[in-house]
Structure formats: structure tokens, C-alpha cells
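J.: There's a structure below that I have some questions on.
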Amino acid sequence: MRCNVNFPKTTALLATLAPATTGFSHQSTFFAPKIVAKRTLFARSSCAITRRRQRRQQPAMFFGNLFRDLNSGFVEPVIDYSTLQHPGLELAKFAQENKVITTSKLQQPEEDEDIVLNVATFAGGCFWGLELAYQRCPGVTHTTVGYTQGREEYPTYSQVCTEATGHTEAVCVYYNPNECSYDDLLDVFFSRVNPLTVNGQGNDYGKQYRTGVYYHTPEQETIARARFEVEQQKYTKKPIATELRASMPFWPAERHHQKYLSKGGPGRVAQSAEKGCMDTIRCYG
């Protein structure tokens, strides 16, 4: 998935940023300091210091506020999580509380007890293809694509594409541990990615396309670390670039990205999400 983001020209961007970050006009103020009263300079400096303190107190919202202040039209609107299919809204609520979900319940109206589902997160480049691979995996009940491992709150696709938020495109997987093991999910992951590639997969490059296994529980961490050792033995001349880290809050992506390939994708030809399907996954037509 390519990021086609149209940034404003440098001069326009600087002109817009200057008043917000320094307190000075972007015109001739810098070249006539002697005609500016000391009181005015002090007031402006105080304002600048106050703004810097506010930014330090709210680091998670810095880029979101910056993009909104620029008001240049290249940022997507805030995502309406209420329009997403389950578990999108559930994941968004956990992210808003700065929490990572570990289990969820699958309601069974005709049964006495609900099924407890485990949750896992994987990043394998463009999230379209990886999601379809997990949709086909027996035992997986739900999948959601989104953004994780970044500090920015409420990230959008356009913001993540700038590589400034720290997020990577990822897939959050809900699975029934009675039908699918974490090892099974790792099998799917390593069958889809080249773990030696740094910041990218296939034709997609950038920090937002880096690969990663992000564990939700100590048990997942133990299994993943053992698997990484096995995978590393396949590559004697180069270390694996795939991240292995604790999962951070997962922010669901925009609705049109969800189940993208099974709904038609770029070629408007739906690809099968049937369990066990072995058809080649096509991300770009």
C-alpha cells in the first residue's frame, strides 16, 4: 500500500508554522528587532515558553495537534470507531484507556458459557494481505487492521504515513485457543514475511511497514522468543529485523481498510476468506 500524501510547499509550511511555534510574524519581525518594544519581546517569549511546556506535558498529542493546526487538507478526519465491526470498537476503547487487551469473550446464546478468546498482534508490511491470511486461519474468529507501537493517540492513515507517529501497520487477531495455538499464528506470520527486511515488505517501504510480533501475555512472549531463535538459525549471515516486543495500545484503522481484500480490494474482485483457503493473496490487483 503506497502512501500518497500531498504536503504543502516548504515556504507555505514554514510560514504557517512560524507564528505557532515562535510567537513572531513570518514577515519582517526577525529583521527589525530594535523597533520591537522589550515588553512585547518578553510577552512573546513567555507565550513561546508556555507553549513548549504544554507540548512537553502532552507529548502523545503533539503530531495530532500539529496536523490539525496546519489545516492543509492532507490529514484524514478523526476515525469514527463506532462505525467499525467488532472488535474495532472494543480495541479503540482499550486504546483510549492506554490499555492492551489480552482476552475477550465470544458470546454463545445457545450455550451456558461464553468462549474466552485470546488476542495477538502482528505487523507484516501492508496490513491488507496479512489480515486476509489470518481470516483464513482456522480458529481465528475476528481480525482488525490498525496502528500500533506508536505514542500518538488517535492516529490516522495519513499521519502514520508520515513516519512521525512511530506506529506500524498491524493486524489484531482474536483466536480460540481450543482450535488454534499461538504457534499456529506464528506459522502464518513467518510464511508471509521476509524477516530480514528492514522497514518494509515487498514494494512497501517505510517505518510504518516494519514487521513485528507483539506479545500480549508472558506466555506469548515465551513462545515467540523460542520461535525467533528457531527462525534465526535459518539465516546465519544476517540478524532478523522483525521486532519482538510487548504490545502497545492498538488503534483500529479506517473502516475502508477493514477486510479490504475480502471485500474486493483495489481490483474490486473479492478474494476468499474461507477457512483453510490456499489461494494466492493479491494485494495490488
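Note on naming: chains are A, B, ... as they come in the C-alpha cells, residues start from 1 per chain, ligands start from 1 in the order shown.
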Could you list, with a cut-off of 10 Å and counting only C-alpha atoms, the residues of segment 147-213 of chain A near segment 92-106 of chain A, each shown with its nearest atom pair and the distance in Å rounded to one decimal, rows sorted by chain and ascending number, as a Markdown table?
T.:
| residue | atom | partner | partner_atom | distance |
| --- | --- | --- | --- | --- |
| A:Thr148 | CA | A:Ala95 | CA | 9.6 |
| A:Glu153 | CA | A:Gln96 | CA | 7.7 |
| A:Tyr154 | CA | A:Gln96 | CA | 8.2 |
| A:Tyr174 | CA | A:Ser104 | CA | 7.8 |
| A:Tyr175 | CA | A:Thr103 | CA | 9.3 |
| A:Asn176 | CA | A:Leu106 | CA | 9.0 |
J.: Among segment 80-217 of chain A, which residues does DSSP mark as helix (DSSP H, G or I) when it is run on the backbone? Keep the chain and numbering as in the structure and answer as a VMD selection string.
T.: chain A and resid 81 to 83 88 to 96 127 to 135 157 to 161 182 to 192 207 to 209
J.: So that I can check the surroundings of Glu219 of chain A, please list as a ChimeraX atom specification every protein, DNA and RNA residue that reaches within 12 Å of it, counting only C-alpha atoms and ignoring chain neighbours fewer than 4 positions away.
T.: /A:102,118-120,181-183,215,223-226,246
J.: Report as CSV the residues of segment 114-191 of chain A within 9 Å of segment 259-262 of chain A, each with its shortest atom pair and distance in Å (one decimal), using only C-alpha atoms, ordered by chain and increasing residue number.
T.:
residue,atom,partner,partner_atom,distance
A:Trp128,CA,A:Tyr260,CA,6.1
A:Gly129,CA,A:Leu261,CA,7.2
A:Glu131,CA,A:Lys259,CA,7.1
A:Leu132,CA,A:Leu261,CA,6.8
A:Gln135,CA,A:Lys259,CA,8.6
A:Thr143,CA,A:Lys259,CA,8.1
A:Thr144,CA,A:Lys259,CA,7.7
A:Val145,CA,A:Lys259,CA,8.0
J.: Limited to all heavy atoms, could you put the picked residues into a file as an mmCIF file, in the first residue's frame?
T.:
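The result, written out as result16.cif:
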data_model
loop_
_atom_site.group_PDB
_atom_site.id
_atom_site.type_symbol
_atom_site.label_atom_id
_atom_site.label_comp_id
_atom_site.auth_asym_id
_atom_site.auth_seq_id
_atom_site.Cartn_x
_atom_site.Cartn_y
_atom_site.Cartn_z
ATOM 1 N N TRP A 128 -3.235 -5.259 4.611
ATOM 2 C CA TRP A 128 -4.310 -5.912 3.831
ATOM 3 C C TRP A 128 -4.072 -7.407 3.679
ATOM 4 O O TRP A 128 -4.936 -8.224 3.980
ATOM 5 C CB TRP A 128 -4.405 -5.284 2.450
ATOM 6 C CG TRP A 128 -4.841 -3.864 2.405
ATOM 7 C CD1 TRP A 128 -5.452 -3.148 3.392
ATOM 8 C CD2 TRP A 128 -4.692 -2.966 1.298
ATOM 9 N NE1 TRP A 128 -5.687 -1.871 2.974
ATOM 10 C CE2 TRP A 128 -5.234 -1.721 1.684
ATOM 11 C CE3 TRP A 128 -4.148 -3.101 0.025
ATOM 12 C CZ2 TRP A 128 -5.263 -0.625 0.835
ATOM 13 C CZ3 TRP A 128 -4.173 -2.001 -0.821
ATOM 14 C CH2 TRP A 128 -4.728 -0.782 -0.426
ATOM 15 N N GLY A 129 -2.903 -7.772 3.165
ATOM 16 C CA GLY A 129 -2.623 -9.174 2.886
ATOM 17 C C GLY A 129 -2.506 -10.005 4.141
ATOM 18 O O GLY A 129 -2.985 -11.146 4.191
ATOM 19 N N GLU A 131 -3.962 -9.510 6.981
ATOM 20 C CA GLU A 131 -5.284 -9.733 7.572
ATOM 21 C C GLU A 131 -6.002 -10.876 6.869
ATOM 22 O O GLU A 131 -6.594 -11.748 7.525
ATOM 23 C CB GLU A 131 -6.148 -8.474 7.508
ATOM 24 C CG GLU A 131 -7.528 -8.719 8.129
ATOM 25 C CD GLU A 131 -8.464 -7.539 8.067
ATOM 26 O OE1 GLU A 131 -8.419 -6.784 7.084
ATOM 27 O OE2 GLU A 131 -9.257 -7.380 9.021
ATOM 28 N N LEU A 132 -5.956 -10.902 5.548
ATOM 29 C CA LEU A 132 -6.641 -11.970 4.825
ATOM 30 C C LEU A 132 -6.049 -13.332 5.176
ATOM 31 O O LEU A 132 -6.772 -14.329 5.295
ATOM 32 C CB LEU A 132 -6.553 -11.732 3.315
ATOM 33 C CG LEU A 132 -7.284 -12.753 2.430
ATOM 34 C CD1 LEU A 132 -8.754 -12.860 2.813
ATOM 35 C CD2 LEU A 132 -7.137 -12.379 0.951
ATOM 36 N N GLN A 135 -7.604 -14.208 8.375
ATOM 37 C CA GLN A 135 -9.022 -14.515 8.196
ATOM 38 C C GLN A 135 -9.205 -15.971 7.774
ATOM 39 O O GLN A 135 -10.183 -16.621 8.169
ATOM 40 C CB GLN A 135 -9.632 -13.603 7.126
ATOM 41 C CG GLN A 135 -9.881 -12.160 7.560
ATOM 42 C CD GLN A 135 -10.453 -11.338 6.416
ATOM 43 O OE1 GLN A 135 -9.717 -10.676 5.677
ATOM 44 N NE2 GLN A 135 -11.752 -11.383 6.264
ATOM 45 N N THR A 143 -10.635 -10.405 13.082
ATOM 46 C CA THR A 143 -9.411 -9.674 12.760
ATOM 47 C C THR A 143 -9.744 -8.193 12.587
ATOM 48 O O THR A 143 -10.846 -7.838 12.149
ATOM 49 C CB THR A 143 -8.755 -10.173 11.456
ATOM 50 O OG1 THR A 143 -9.679 -10.004 10.374
ATOM 51 C CG2 THR A 143 -8.359 -11.642 11.571
ATOM 52 N N THR A 144 -8.804 -7.362 12.948
ATOM 53 C CA THR A 144 -8.944 -5.915 12.754
ATOM 54 C C THR A 144 -7.586 -5.358 12.362
ATOM 55 O O THR A 144 -6.574 -5.702 12.980
ATOM 56 C CB THR A 144 -9.429 -5.211 14.031
ATOM 57 O OG1 THR A 144 -10.728 -5.688 14.374
ATOM 58 C CG2 THR A 144 -9.505 -3.697 13.824
ATOM 59 N N VAL A 145 -7.547 -4.508 11.341
ATOM 60 C CA VAL A 145 -6.292 -3.858 10.977
ATOM 61 C C VAL A 145 -6.219 -2.503 11.658
ATOM 62 O O VAL A 145 -7.250 -1.871 11.928
ATOM 63 C CB VAL A 145 -6.135 -3.690 9.442
ATOM 64 C CG1 VAL A 145 -6.140 -5.042 8.763
ATOM 65 C CG2 VAL A 145 -7.238 -2.808 8.872
#
J.: Using only C-alpha atoms, which residue out of A:Cys137, A:Ala253, A:Val193, A:Cys172 lies closest to Glu231 of chain A?
T.: A:Val193
J.: For atom CA of Gly139 of chain A and atom CA of Pro177 of chain A, determine how far apart the two atoms are, in Å to one decimal place.
T.: 7.4 Å
J.: Quick one: pull the distance between atom CA of Glu274 of chain A and atom CA of Pro138 of chain A, Å, one decimal.
T.: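 So the answer is 9.1 Å.
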J.: Would you please work out which residue, of A:Ala133, A:Ala164, A:Val213, A:Val171, is nearest to Gln258 of chain A when using only C-alpha atoms?
T.: A:Val171
J.: Pick out the residues sitting within 9 Å of Tyr134 of chain A, and hand them over as a list of chain:residue names; count only C-alpha atoms, and ignore anything fewer than 6 positions along from it in its own chain.
T.: A:Val140, A:His142, A:Thr143, A:Val171, A:Val173, A:Leu185, A:Val188, A:Phe189, A:Ala273
J.: Any idea what the distance is between atom CA of Gln232 of chain A and atom CA of Pro249 of chain A?
T.: 27.6 Å
J.: From segment 73-114 of chain A, collect each residue whose DSSP state is strand (DSSP E or B) and return the set as number ranges by chain.
T.: A: 103-106
